[in-house]
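One file, work-v4.pdb, is given below (PDB, C-alpha atoms, pLDDT in the B column).
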```
ATOM      1  CA  MET U   1     -34.869 -70.275 -37.900  1.00 93.00           C
ATOM      2  CA  LYS U   2     -34.200 -66.582 -38.550  1.00 97.00           C
ATOM      3  CA  LYS U   3     -30.675 -65.341 -39.233  1.00 98.00           C
ATOM      4  CA  LEU U   4     -29.264 -62.915 -36.654  1.00 98.00           C
ATOM      5  CA  GLY U   5     -26.719 -60.234 -37.493  1.00 98.00           C
ATOM      6  CA  MET U   6     -24.361 -59.349 -34.660  1.00 97.00           C
ATOM      7  CA  VAL U   7     -22.128 -56.271 -34.419  1.00 97.00           C
ATOM      8  CA  GLY U   8     -19.263 -57.347 -32.177  1.00 95.00           C
ATOM      9  CA  GLY U   9     -15.687 -56.500 -31.364  1.00 92.00           C
ATOM     10  CA  ALA U  10     -16.490 -53.980 -28.644  1.00 88.00           C
ATOM     11  CA  SER U  11     -14.885 -55.962 -27.206  1.00 90.00           C
ATOM     12  CA  TRP U  12     -14.248 -59.391 -28.754  1.00 92.00           C
ATOM     13  CA  ASN U  13     -14.328 -60.933 -25.256  1.00 91.00           C
ATOM     14  CA  SER U  14     -17.982 -60.163 -24.705  1.00 91.00           C
ATOM     15  CA  THR U  15     -18.768 -60.979 -28.347  1.00 95.00           C
ATOM     16  CA  ALA U  16     -17.438 -64.483 -27.695  1.00 95.00           C
ATOM     17  CA  LEU U  17     -19.768 -64.758 -24.693  1.00 95.00           C
ATOM     18  CA  TYR U  18     -22.721 -63.779 -26.903  1.00 97.00           C
ATOM     19  CA  TYR U  19     -21.794 -66.390 -29.494  1.00 97.00           C
ATOM     20  CA  GLU U  20     -21.580 -69.072 -26.816  1.00 97.00           C
ATOM     21  CA  HIS U  21     -24.785 -68.041 -25.010  1.00 97.00           C
ATOM     22  CA  ILE U  22     -26.831 -67.854 -28.201  1.00 98.00           C
ATOM     23  CA  ASN U  23     -25.657 -71.166 -29.642  1.00 98.00           C
ATOM     24  CA  LYS U  24     -26.109 -72.958 -26.321  1.00 97.00           C
ATOM     25  CA  GLY U  25     -29.584 -71.457 -26.046  1.00 97.00           C
ATOM     26  CA  VAL U  26     -30.637 -72.646 -29.489  1.00 97.00           C
ATOM     27  CA  ALA U  27     -29.132 -76.100 -28.889  1.00 97.00           C
ATOM     28  CA  ALA U  28     -30.918 -76.424 -25.546  1.00 96.00           C
ATOM     29  CA  ARG U  29     -34.255 -75.503 -27.100  1.00 96.00           C
ATOM     30  CA  LEU U  30     -34.006 -77.613 -30.259  1.00 96.00           C
ATOM     31  CA  GLY U  31     -31.616 -80.414 -29.308  1.00 95.00           C
ATOM     32  CA  GLY U  32     -29.562 -82.498 -31.695  1.00 95.00           C
ATOM     33  CA  LEU U  33     -26.830 -80.631 -33.549  1.00 96.00           C
ATOM     34  CA  HIS U  34     -28.786 -77.394 -33.835  1.00 97.00           C
ATOM     35  CA  SER U  35     -26.950 -74.075 -33.617  1.00 96.00           C
ATOM     36  CA  ALA U  36     -27.838 -70.478 -34.414  1.00 97.00           C
ATOM     37  CA  ARG U  37     -27.813 -69.003 -37.914  1.00 97.00           C
ATOM     38  CA  MET U  38     -25.698 -65.874 -37.498  1.00 97.00           C
ATOM     39  CA  VAL U  39     -23.528 -63.431 -39.367  1.00 98.00           C
ATOM     40  CA  ILE U  40     -21.029 -61.380 -37.369  1.00 97.00           C
ATOM     41  CA  GLU U  41     -19.414 -58.048 -38.197  1.00 96.00           C
ATOM     42  CA  SER U  42     -16.590 -57.819 -35.668  1.00 95.00           C
ATOM     43  CA  LEU U  43     -15.026 -54.379 -35.286  1.00 93.00           C
ATOM     44  CA  ASP U  44     -11.403 -53.688 -34.448  1.00 91.00           C
ATOM     45  CA  CYS U  45     -12.067 -52.301 -30.969  1.00 86.00           C
ATOM     46  CA  GLU U  46      -8.932 -50.135 -30.960  1.00 86.00           C
ATOM     47  CA  ASP U  47      -9.365 -48.353 -34.300  1.00 86.00           C
ATOM     48  CA  ASP U  48     -13.086 -48.743 -35.048  1.00 81.00           C
ATOM     49  CA  TYR U  49     -14.519 -48.087 -31.598  1.00 80.00           C
ATOM     50  CA  ALA U  50     -12.285 -46.983 -28.711  1.00 82.00           C
ATOM     51  CA  ALA U  51     -10.431 -44.402 -30.817  1.00 83.00           C
ATOM     52  CA  PHE U  52     -13.657 -42.496 -31.458  1.00 84.00           C
ATOM     53  CA  HIS U  53     -14.509 -42.562 -27.751  1.00 79.00           C
ATOM     54  CA  ARG U  54     -11.140 -41.144 -26.784  1.00 82.00           C
ATOM     55  CA  LYS U  55     -11.567 -38.275 -29.242  1.00 84.00           C
ATOM     56  CA  GLY U  56     -15.184 -37.697 -28.284  1.00 85.00           C
ATOM     57  CA  ASP U  57     -16.078 -38.270 -31.934  1.00 88.00           C
ATOM     58  CA  TRP U  58     -19.394 -40.003 -31.362  1.00 87.00           C
ATOM     59  CA  ALA U  59     -20.641 -39.135 -34.855  1.00 91.00           C
ATOM     60  CA  GLY U  60     -17.626 -40.849 -36.425  1.00 90.00           C
ATOM     61  CA  GLY U  61     -18.102 -43.937 -34.275  1.00 89.00           C
ATOM     62  CA  GLU U  62     -21.777 -43.996 -35.171  1.00 92.00           C
ATOM     63  CA  LEU U  63     -20.993 -44.114 -38.882  1.00 94.00           C
ATOM     64  CA  VAL U  64     -18.702 -47.128 -38.319  1.00 93.00           C
ATOM     65  CA  ILE U  65     -21.488 -48.979 -36.505  1.00 95.00           C
ATOM     66  CA  ILE U  66     -24.126 -48.107 -39.090  1.00 96.00           C
ATOM     67  CA  ASP U  67     -21.834 -49.272 -41.911  1.00 96.00           C
ATOM     68  CA  ALA U  68     -21.297 -52.559 -40.048  1.00 96.00           C
ATOM     69  CA  CYS U  69     -25.052 -53.015 -39.728  1.00 97.00           C
ATOM     70  CA  LYS U  70     -25.580 -52.356 -43.437  1.00 97.00           C
ATOM     71  CA  ARG U  71     -22.996 -55.007 -44.283  1.00 97.00           C
ATOM     72  CA  LEU U  72     -24.889 -57.460 -42.062  1.00 98.00           C
ATOM     73  CA  VAL U  73     -28.111 -56.653 -43.904  1.00 97.00           C
ATOM     74  CA  ALA U  74     -26.327 -57.286 -47.215  1.00 97.00           C
ATOM     75  CA  ALA U  75     -25.106 -60.620 -45.808  1.00 97.00           C
ATOM     76  CA  GLY U  76     -28.678 -61.775 -45.212  1.00 97.00           C
ATOM     77  CA  ALA U  77     -29.321 -60.831 -41.590  1.00 97.00           C
ATOM     78  CA  GLU U  78     -33.017 -60.618 -40.699  1.00 97.00           C
ATOM     79  CA  GLY U  79     -32.512 -58.896 -37.350  1.00 97.00           C
ATOM     80  CA  LEU U  80     -29.627 -57.260 -35.484  1.00 98.00           C
ATOM     81  CA  ILE U  81     -28.034 -56.966 -32.072  1.00 97.00           C
ATOM     82  CA  LEU U  82     -25.306 -54.609 -30.897  1.00 97.00           C
ATOM     83  CA  THR U  83     -23.157 -56.540 -28.426  1.00 96.00           C
ATOM     84  CA  SER U  84     -22.304 -53.597 -26.177  1.00 94.00           C
ATOM     85  CA  ASN U  85     -24.313 -51.435 -23.770  1.00 95.00           C
ATOM     86  CA  THR U  86     -22.254 -48.369 -24.677  1.00 93.00           C
ATOM     87  CA  MET U  87     -22.845 -49.008 -28.382  1.00 94.00           C
ATOM     88  CA  HIS U  88     -26.575 -48.606 -27.718  1.00 96.00           C
ATOM     89  CA  LYS U  89     -25.907 -44.870 -27.540  1.00 94.00           C
ATOM     90  CA  HIS U  90     -26.275 -45.217 -31.328  1.00 95.00           C
ATOM     91  CA  TYR U  91     -29.339 -47.482 -31.217  1.00 96.00           C
ATOM     92  CA  ASP U  92     -31.808 -44.917 -32.587  1.00 96.00           C
ATOM     93  CA  ALA U  93     -29.523 -44.057 -35.507  1.00 96.00           C
ATOM     94  CA  VAL U  94     -29.011 -47.743 -36.302  1.00 97.00           C
ATOM     95  CA  ALA U  95     -32.741 -48.499 -36.116  1.00 96.00           C
ATOM     96  CA  ALA U  96     -33.424 -45.598 -38.482  1.00 97.00           C
ATOM     97  CA  ALA U  97     -30.736 -46.721 -40.945  1.00 97.00           C
ATOM     98  CA  VAL U  98     -31.876 -50.332 -41.397  1.00 96.00           C
ATOM     99  CA  SER U  99     -35.310 -51.804 -42.028  1.00 94.00           C
ATOM    100  CA  LEU U 100     -34.782 -54.730 -39.632  1.00 95.00           C
ATOM    101  CA  PRO U 101     -35.659 -55.340 -35.987  1.00 97.00           C
ATOM    102  CA  VAL U 102     -32.815 -54.358 -33.637  1.00 97.00           C
ATOM    103  CA  LEU U 103     -32.958 -56.027 -30.225  1.00 98.00           C
ATOM    104  CA  HIS U 104     -32.283 -53.446 -27.495  1.00 98.00           C
ATOM    105  CA  ILE U 105     -30.141 -54.589 -24.558  1.00 97.00           C
ATOM    106  CA  GLY U 106     -31.709 -52.104 -22.144  1.00 97.00           C
ATOM    107  CA  GLU U 107     -35.236 -53.135 -23.035  1.00 97.00           C
ATOM    108  CA  ALA U 108     -34.407 -56.814 -22.570  1.00 97.00           C
ATOM    109  CA  ALA U 109     -32.816 -56.196 -19.166  1.00 97.00           C
ATOM    110  CA  ALA U 110     -35.546 -53.843 -17.977  1.00 97.00           C
ATOM    111  CA  GLU U 111     -38.240 -56.358 -18.936  1.00 97.00           C
ATOM    112  CA  LYS U 112     -36.499 -59.004 -16.850  1.00 97.00           C
ATOM    113  CA  LEU U 113     -36.124 -56.758 -13.801  1.00 97.00           C
ATOM    114  CA  ALA U 114     -39.720 -55.575 -14.047  1.00 97.00           C
ATOM    115  CA  SER U 115     -40.949 -59.174 -14.239  1.00 96.00           C
ATOM    116  CA  ASP U 116     -38.927 -59.911 -11.085  1.00 97.00           C
ATOM    117  CA  ASN U 117     -40.499 -56.842  -9.422  1.00 96.00           C
ATOM    118  CA  ARG U 118     -37.182 -55.067  -8.861  1.00 96.00           C
ATOM    119  CA  ARG U 119     -37.804 -51.401  -8.115  1.00 95.00           C
ATOM    120  CA  ASN U 120     -34.481 -50.025  -6.838  1.00 96.00           C
ATOM    121  CA  VAL U 121     -31.345 -51.187  -8.635  1.00 97.00           C
ATOM    122  CA  ALA U 122     -27.814 -50.028  -9.421  1.00 97.00           C
ATOM    123  CA  LEU U 123     -26.561 -49.878 -13.015  1.00 98.00           C
ATOM    124  CA  LEU U 124     -22.821 -50.447 -13.455  1.00 98.00           C
ATOM    125  CA  GLY U 125     -21.039 -49.908 -16.757  1.00 96.00           C
ATOM    126  CA  THR U 126     -18.953 -47.420 -18.656  1.00 95.00           C
ATOM    127  CA  ARG U 127     -19.277 -43.759 -17.734  1.00 95.00           C
ATOM    128  CA  VAL U 128     -21.459 -43.245 -20.810  1.00 94.00           C
ATOM    129  CA  THR U 129     -23.857 -46.034 -19.846  1.00 96.00           C
ATOM    130  CA  MET U 130     -24.057 -44.990 -16.188  1.00 97.00           C
ATOM    131  CA  THR U 131     -24.718 -41.328 -16.928  1.00 96.00           C
ATOM    132  CA  GLU U 132     -26.510 -41.099 -20.302  1.00 96.00           C
ATOM    133  CA  PRO U 133     -30.079 -42.201 -21.142  1.00 96.00           C
ATOM    134  CA  HIS U 134     -29.583 -44.847 -23.859  1.00 95.00           C
ATOM    135  CA  VAL U 135     -29.862 -47.731 -21.337  1.00 97.00           C
ATOM    136  CA  ARG U 136     -31.094 -45.911 -18.213  1.00 97.00           C
ATOM    137  CA  GLN U 137     -34.362 -44.814 -19.821  1.00 97.00           C
ATOM    138  CA  SER U 138     -35.454 -48.430 -20.374  1.00 97.00           C
ATOM    139  CA  PHE U 139     -35.496 -48.918 -16.613  1.00 97.00           C
ATOM    140  CA  GLU U 140     -36.850 -45.513 -15.678  1.00 97.00           C
ATOM    141  CA  THR U 141     -39.850 -45.747 -18.015  1.00 96.00           C
ATOM    142  CA  ARG U 142     -40.858 -48.919 -16.161  1.00 96.00           C
ATOM    143  CA  GLY U 143     -40.686 -47.201 -12.779  1.00 96.00           C
ATOM    144  CA  ILE U 144     -37.384 -48.828 -11.820  1.00 97.00           C
ATOM    145  CA  GLN U 145     -35.265 -46.425  -9.775  1.00 96.00           C
ATOM    146  CA  LEU U 146     -31.526 -46.335 -10.481  1.00 97.00           C
ATOM    147  CA  ALA U 147     -29.334 -45.714  -7.444  1.00 96.00           C
ATOM    148  CA  ALA U 148     -26.870 -42.834  -7.596  1.00 95.00           C
ATOM    149  CA  ILE U 149     -23.250 -43.918  -8.079  1.00 96.00           C
ATOM    150  CA  GLU U 150     -20.525 -41.710  -6.629  1.00 96.00           C
ATOM    151  CA  GLU U 151     -18.262 -39.972  -9.149  1.00 97.00           C
ATOM    152  CA  GLY U 152     -15.158 -41.773  -7.884  1.00 97.00           C
ATOM    153  CA  TRP U 153     -16.787 -45.138  -8.460  1.00 97.00           C
ATOM    154  CA  ILE U 154     -18.005 -44.126 -11.939  1.00 97.00           C
ATOM    155  CA  THR U 155     -14.431 -43.263 -12.874  1.00 97.00           C
ATOM    156  CA  GLU U 156     -13.010 -46.479 -11.431  1.00 98.00           C
ATOM    157  CA  VAL U 157     -15.571 -48.827 -13.003  1.00 97.00           C
ATOM    158  CA  ASP U 158     -15.042 -47.104 -16.369  1.00 95.00           C
ATOM    159  CA  ARG U 159     -11.274 -47.547 -15.982  1.00 96.00           C
ATOM    160  CA  ILE U 160     -11.585 -51.233 -15.104  1.00 97.00           C
ATOM    161  CA  ILE U 161     -13.696 -51.824 -18.197  1.00 95.00           C
ATOM    162  CA  TYR U 162     -11.527 -49.985 -20.728  1.00 92.00           C
ATOM    163  CA  GLU U 163      -8.068 -50.702 -19.330  1.00 94.00           C
ATOM    164  CA  GLU U 164      -8.617 -54.304 -18.247  1.00 95.00           C
ATOM    165  CA  LEU U 165     -11.784 -56.181 -19.154  1.00 95.00           C
ATOM    166  CA  ALA U 166     -12.051 -54.980 -22.757  1.00 91.00           C
ATOM    167  CA  ALA U 167      -8.525 -56.343 -23.234  1.00 91.00           C
ATOM    168  CA  GLY U 168      -9.477 -59.656 -21.616  1.00 91.00           C
ATOM    169  CA  ARG U 169      -7.535 -58.929 -18.404  1.00 94.00           C
ATOM    170  CA  VAL U 170      -9.213 -59.874 -15.125  1.00 95.00           C
ATOM    171  CA  VAL U 171      -7.289 -58.239 -12.263  1.00 97.00           C
ATOM    172  CA  ARG U 172      -7.858 -59.585  -8.756  1.00 97.00           C
ATOM    173  CA  GLU U 173      -7.619 -56.144  -7.129  1.00 97.00           C
ATOM    174  CA  SER U 174     -10.281 -54.810  -9.489  1.00 97.00           C
ATOM    175  CA  GLN U 175     -12.520 -57.752  -8.651  1.00 96.00           C
ATOM    176  CA  ARG U 176     -12.156 -56.830  -4.973  1.00 96.00           C
ATOM    177  CA  LYS U 177     -13.018 -53.214  -5.726  1.00 97.00           C
ATOM    178  CA  LEU U 178     -16.169 -54.202  -7.588  1.00 96.00           C
ATOM    179  CA  LYS U 179     -17.184 -56.466  -4.723  1.00 95.00           C
ATOM    180  CA  THR U 180     -16.676 -53.558  -2.303  1.00 95.00           C
ATOM    181  CA  LEU U 181     -18.858 -51.325  -4.473  1.00 96.00           C
ATOM    182  CA  ILE U 182     -21.614 -53.926  -4.615  1.00 95.00           C
ATOM    183  CA  THR U 183     -21.437 -54.346  -0.823  1.00 93.00           C
ATOM    184  CA  GLU U 184     -21.725 -50.568  -0.342  1.00 94.00           C
ATOM    185  CA  LEU U 185     -24.715 -50.422  -2.667  1.00 94.00           C
ATOM    186  CA  GLY U 186     -26.360 -53.240  -0.740  1.00 91.00           C
ATOM    187  CA  LYS U 187     -26.136 -51.162   2.432  1.00 92.00           C
ATOM    188  CA  LYS U 188     -28.124 -48.452   0.620  1.00 90.00           C
ATOM    189  CA  ARG U 189     -31.077 -50.834   0.179  1.00 88.00           C
ATOM    190  CA  VAL U 190     -30.373 -51.468  -3.490  1.00 95.00           C
ATOM    191  CA  GLU U 191     -32.329 -54.595  -4.462  1.00 95.00           C
ATOM    192  CA  ALA U 192     -30.176 -55.764  -7.368  1.00 96.00           C
ATOM    193  CA  ILE U 193     -27.103 -54.970  -9.432  1.00 97.00           C
ATOM    194  CA  VAL U 194     -27.292 -54.659 -13.215  1.00 98.00           C
ATOM    195  CA  LEU U 195     -24.046 -55.403 -15.050  1.00 97.00           C
ATOM    196  CA  GLY U 196     -24.605 -52.774 -17.728  1.00 96.00           C
ATOM    197  CA  CYS U 197     -21.389 -53.544 -19.556  1.00 95.00           C
ATOM    198  CA  THR U 198     -21.071 -56.792 -21.466  1.00 92.00           C
ATOM    199  CA  GLU U 199     -17.541 -57.375 -20.115  1.00 93.00           C
ATOM    200  CA  LEU U 200     -18.341 -56.869 -16.416  1.00 96.00           C
ATOM    201  CA  VAL U 201     -19.420 -60.485 -16.018  1.00 94.00           C
ATOM    202  CA  LEU U 202     -15.761 -61.414 -16.550  1.00 94.00           C
ATOM    203  CA  ALA U 203     -14.981 -59.816 -13.158  1.00 95.00           C
ATOM    204  CA  VAL U 204     -18.270 -60.161 -11.266  1.00 95.00           C
ATOM    205  CA  ASP U 205     -19.766 -63.596 -10.649  1.00 92.00           C
ATOM    206  CA  PRO U 206     -23.574 -63.181 -10.605  1.00 89.00           C
ATOM    207  CA  ARG U 207     -23.873 -66.317  -8.452  1.00 87.00           C
ATOM    208  CA  ALA U 208     -21.440 -65.239  -5.736  1.00 81.00           C
ATOM    209  CA  ASN U 209     -22.770 -61.941  -4.430  1.00 79.00           C
ATOM    210  CA  ILE U 210     -24.814 -60.714  -1.509  1.00 80.00           C
ATOM    211  CA  MET U 211     -27.708 -59.605  -3.719  1.00 90.00           C
ATOM    212  CA  PRO U 212     -29.156 -60.542  -7.120  1.00 95.00           C
ATOM    213  CA  VAL U 213     -26.891 -59.628 -10.038  1.00 96.00           C
ATOM    214  CA  TYR U 214     -28.338 -59.311 -13.555  1.00 97.00           C
ATOM    215  CA  ASP U 215     -25.932 -59.900 -16.432  1.00 96.00           C
ATOM    216  CA  THR U 216     -27.101 -57.919 -19.466  1.00 96.00           C
ATOM    217  CA  THR U 217     -24.980 -60.082 -21.775  1.00 96.00           C
ATOM    218  CA  ALA U 218     -26.848 -63.246 -20.812  1.00 96.00           C
ATOM    219  CA  ILE U 219     -30.243 -61.498 -20.795  1.00 97.00           C
ATOM    220  CA  HIS U 220     -29.681 -59.959 -24.231  1.00 97.00           C
ATOM    221  CA  ALA U 221     -28.492 -63.298 -25.605  1.00 97.00           C
ATOM    222  CA  ARG U 222     -31.634 -65.041 -24.299  1.00 97.00           C
ATOM    223  CA  LYS U 223     -33.755 -62.425 -26.035  1.00 97.00           C
ATOM    224  CA  ALA U 224     -31.806 -63.124 -29.238  1.00 98.00           C
ATOM    225  CA  VAL U 225     -32.525 -66.855 -28.917  1.00 98.00           C
ATOM    226  CA  GLU U 226     -36.239 -66.145 -28.533  1.00 97.00           C
ATOM    227  CA  TRP U 227     -36.149 -63.973 -31.647  1.00 97.00           C
ATOM    228  CA  ILE U 228     -34.123 -66.480 -33.689  1.00 97.00           C
ATOM    229  CA  LEU U 229     -36.514 -69.307 -32.934  1.00 97.00           C
ATOM    230  CA  GLY U 230     -39.714 -67.311 -33.218  1.00 91.00           C
ATOM    231  CA  ALA U 231     -43.140 -68.627 -32.318  1.00 58.00           C
ATOM    232  CA  ASP U 232     -43.102 -71.706 -34.561  1.00 52.00           C
ATOM    233  CA  GLU U 233     -39.673 -72.988 -33.534  1.00 53.00           C
ATOM    234  CA  ALA U 234     -40.314 -72.178 -29.869  1.00 46.00           C
ATOM    235  CA  ALA U 235     -43.458 -74.291 -30.024  1.00 49.00           C
ATOM    236  CA  ARG U 236     -41.546 -77.142 -31.678  1.00 53.00           C
ATOM    237  CA  ALA U 237     -38.838 -76.946 -29.008  1.00 48.00           C
ATOM    238  CA  ALA U 238     -41.413 -77.107 -26.233  1.00 50.00           C
ATOM    239  CA  ALA U 239     -43.231 -80.072 -27.781  1.00 46.00           C
TER     240      ALA U 239
END
```
Using structure tokens, write down the structure that the file contains.
Amino acid sequence: MKKLGMVGGASWNSTALYYEHINKGVAARLGGLHSARMVIESLDCEDDYAAFHRKGDWAGGELVIIDACKRLVAAGAEGLILTSNTMHKHYDAVAAAVSLPVLHIGEAAAEKLASDNRRNVALLGTRVTMTEPHVRQSFETRGIQLAAIEEGWITEVDRIIYEELAAGRVVRESQRKLKTLITELGKKRVEAIVLGCTELVLAVDPRANIMPVYDTTAIHARKAVEWILGADEAARAAA
């Protein structure tokens, strides 16, 4: 079993979901008392992550993430994941700074949607994720069209994430707003919703919506399980 390095803390709520998903996935595949071999570098979201966003200091935030990845390498990690869609803005810099595989959340999600033959979807997340290419391009290069999101909704979804979900607060009124947005998108012939923020699943139940909802946290975690087990362990689990 390979050891996975995980950069978390952006926020700790979604990092906890990753830890649970990955360990449950390994246990389900191998049985017994098996769990995942992991090392976690958990950032202080306020000082190590959000503060750089507020100042627009993306270069400073990038250095924090790269340093975290290097510490994971020193701790024996054999591969890495960044447990945040927004953090993948720094994916290329991270991949260049470490000589380990880095599992991309956008690639994992886009592979799943392509395999399900989804061609017109809506990507919800932080403003950065909804408007910049670090996740969007994974879908677009596979011919998956991303529906336009109105500016007012971009602002509101971003607010819900940073002011509420990242702090572990699930507000009923915000849940209603997200449900309204999803309903509106459904009327525009959108085939599926992609929760492109690892906290959004705290407020949106993928099983209780009018159209398919893809949770990038769960998809990314499943990809991590596949990587951890590798071909030999996967074959043993299937035997």
Any chance you could work out the axis-aligned box around stretch 26-38 of chain U, listed atoms only, 8 Å on each side, giving centre and edge lengths in Å to one decimal, as JSON?
```
{"center_x": -30.0, "center_y": -74.2, "center_z": -31.7, "size_x": 24.6, "size_y": 32.6, "size_z": 28.4}
```
Within 10 Å of stretch 46-50 of chain U, counting all atoms listed in the file, which residues qualify if same-chain residues fewer than 2 places away don't, as a list in words?
Gly9, Ala10, Ser11, Ser42, Leu43, Asp44, Phe52, His53, Arg54, Lys55, Gly56, Asp57, Trp58, Gly60, Gly61, Glu62, Leu63, Val64, Ile65, Met87, Tyr162, Ala166 and Ala167 of chain U
For atom CA of U:Val7 and atom CA of U:Ser84, the interatomic separation in Å (one decimal)
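Calculated distance between atom CA of U:Val7 and atom CA of U:Ser84 is 8.7 Å.
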Using the chain letters and numbers from the file, which residues does the PyMOL selection byres ((chain U and resi 221) around 10) grab, as a PDB file with C-alpha atoms, in the frame of the given file?
```
ATOM      1  CA  LEU U  17     -19.768 -64.758 -24.693  1.00 95.00           C
ATOM      2  CA  TYR U  18     -22.721 -63.779 -26.903  1.00 97.00           C
ATOM      3  CA  TYR U  19     -21.794 -66.390 -29.494  1.00 97.00           C
ATOM      4  CA  GLU U  20     -21.580 -69.072 -26.816  1.00 97.00           C
ATOM      5  CA  HIS U  21     -24.785 -68.041 -25.010  1.00 97.00           C
ATOM      6  CA  ILE U  22     -26.831 -67.854 -28.201  1.00 98.00           C
ATOM      7  CA  ASN U  23     -25.657 -71.166 -29.642  1.00 98.00           C
ATOM      8  CA  LYS U  24     -26.109 -72.958 -26.321  1.00 97.00           C
ATOM      9  CA  GLY U  25     -29.584 -71.457 -26.046  1.00 97.00           C
ATOM     10  CA  ILE U  81     -28.034 -56.966 -32.072  1.00 97.00           C
ATOM     11  CA  THR U  83     -23.157 -56.540 -28.426  1.00 96.00           C
ATOM     12  CA  LEU U 103     -32.958 -56.027 -30.225  1.00 98.00           C
ATOM     13  CA  ILE U 105     -30.141 -54.589 -24.558  1.00 97.00           C
ATOM     14  CA  ALA U 108     -34.407 -56.814 -22.570  1.00 97.00           C
ATOM     15  CA  THR U 216     -27.101 -57.919 -19.466  1.00 96.00           C
ATOM     16  CA  THR U 217     -24.980 -60.082 -21.775  1.00 96.00           C
ATOM     17  CA  ALA U 218     -26.848 -63.246 -20.812  1.00 96.00           C
ATOM     18  CA  ILE U 219     -30.243 -61.498 -20.795  1.00 97.00           C
ATOM     19  CA  HIS U 220     -29.681 -59.959 -24.231  1.00 97.00           C
ATOM     20  CA  ARG U 222     -31.634 -65.041 -24.299  1.00 97.00           C
ATOM     21  CA  LYS U 223     -33.755 -62.425 -26.035  1.00 97.00           C
ATOM     22  CA  ALA U 224     -31.806 -63.124 -29.238  1.00 98.00           C
ATOM     23  CA  VAL U 225     -32.525 -66.855 -28.917  1.00 98.00           C
ATOM     24  CA  GLU U 226     -36.239 -66.145 -28.533  1.00 97.00           C
ATOM     25  CA  TRP U 227     -36.149 -63.973 -31.647  1.00 97.00           C
TER      26      TRP U 227
END
```
Counting only C-alpha atoms, which residue out of U:His88, U:Arg71, U:Arg142, U:Arg37 sits closest to U:Arg118?
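Closest to U:Arg118, using only C-alpha atoms: U:Arg142.
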Hits of the PyMOL selection byres ((chain U and resi 177) around 12) in this structure, as a PyMOL selection string:
chain U and resi 152-153+156-157+159-160+171-176+178-184+203-204
Residue selection dump (C-alpha atoms) as a short mmCIF file (atom, residue, chain, number, x, y, z; two decimals), in the coordinates of the input:
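Here's the written file result_14.cif:
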```
data_model
loop_
_atom_site.label_atom_id
_atom_site.label_comp_id
_atom_site.auth_asym_id
_atom_site.auth_seq_id
_atom_site.Cartn_x
_atom_site.Cartn_y
_atom_site.Cartn_z
CA GLY U 152 -15.16 -41.77 -7.88
CA TRP U 153 -16.79 -45.14 -8.46
CA GLU U 156 -13.01 -46.48 -11.43
CA VAL U 157 -15.57 -48.83 -13.00
CA ARG U 159 -11.27 -47.55 -15.98
CA ILE U 160 -11.58 -51.23 -15.10
CA VAL U 171 -7.29 -58.24 -12.26
CA ARG U 172 -7.86 -59.58 -8.76
CA GLU U 173 -7.62 -56.14 -7.13
CA SER U 174 -10.28 -54.81 -9.49
CA GLN U 175 -12.52 -57.75 -8.65
CA ARG U 176 -12.16 -56.83 -4.97
CA LEU U 178 -16.17 -54.20 -7.59
CA LYS U 179 -17.18 -56.47 -4.72
CA THR U 180 -16.68 -53.56 -2.30
CA LEU U 181 -18.86 -51.32 -4.47
CA ILE U 182 -21.61 -53.93 -4.62
CA THR U 183 -21.44 -54.35 -0.82
CA GLU U 184 -21.72 -50.57 -0.34
CA ALA U 203 -14.98 -59.82 -13.16
CA VAL U 204 -18.27 -60.16 -11.27
#
```
To one decimal in Å, tell me the separation between atom CA of U:Ile40 and atom CA of U:Gly125.
23.6 Å
The PyMOL selection byres ((chain U and resi 215) around 9) - which residues does that actually catch in the file I just gave you? List them as a list in words.
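Output of the PyMOL selection byres ((chain U and resi 215) around 9): Ala109, Ile193, Val194, Leu195, Gly196, Cys197, Thr198, Leu200, Val201, Pro206, Val213, Tyr214, Thr216, Thr217, Ala218, Ile219 and His220 of chain U.
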Any chance you can output those residues with C-alpha atoms as a PDB file, in the coordinates of the input?
```pdb
ATOM      1  CA  ALA U 109     -32.816 -56.196 -19.166  1.00 97.00           C
ATOM      2  CA  ILE U 193     -27.103 -54.970  -9.432  1.00 97.00           C
ATOM      3  CA  VAL U 194     -27.292 -54.659 -13.215  1.00 98.00           C
ATOM      4  CA  LEU U 195     -24.046 -55.403 -15.050  1.00 97.00           C
ATOM      5  CA  GLY U 196     -24.605 -52.774 -17.728  1.00 96.00           C
ATOM      6  CA  CYS U 197     -21.389 -53.544 -19.556  1.00 95.00           C
ATOM      7  CA  THR U 198     -21.071 -56.792 -21.466  1.00 92.00           C
ATOM      8  CA  LEU U 200     -18.341 -56.869 -16.416  1.00 96.00           C
ATOM      9  CA  VAL U 201     -19.420 -60.485 -16.018  1.00 94.00           C
ATOM     10  CA  PRO U 206     -23.574 -63.181 -10.605  1.00 89.00           C
ATOM     11  CA  VAL U 213     -26.891 -59.628 -10.038  1.00 96.00           C
ATOM     12  CA  TYR U 214     -28.338 -59.311 -13.555  1.00 97.00           C
ATOM     13  CA  THR U 216     -27.101 -57.919 -19.466  1.00 96.00           C
ATOM     14  CA  THR U 217     -24.980 -60.082 -21.775  1.00 96.00           C
ATOM     15  CA  ALA U 218     -26.848 -63.246 -20.812  1.00 96.00           C
ATOM     16  CA  ILE U 219     -30.243 -61.498 -20.795  1.00 97.00           C
ATOM     17  CA  HIS U 220     -29.681 -59.959 -24.231  1.00 97.00           C
TER      18      HIS U 220
END
```
Best match for closeness to U:Ser35 among U:Leu100, U:Ala147, U:Leu165, U:Lys3, counting all atoms listed in the file:
U:Lys3
Could you work out how far atom CA of U:Arg189 lies from atom CA of U:Glu164, giving the answer in Å with one decimal?
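Between atom CA of U:Glu164 and atom CA of U:Arg189 the gap works out to 29.3 Å.
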Extract, using all atoms listed in the file, all DNA, RNA and protein residues at most 10 Å from U:Arg119, discarding same-chain residues fewer than 6 positions from it, and format them as a list of chain:residue names.
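Surrounding residues, per the criterion: U:Leu113, U:Phe139, U:Glu140, U:Arg142, U:Gly143, U:Ile144, U:Gln145, U:Leu146, U:Val190, U:Glu191, U:Ala192.
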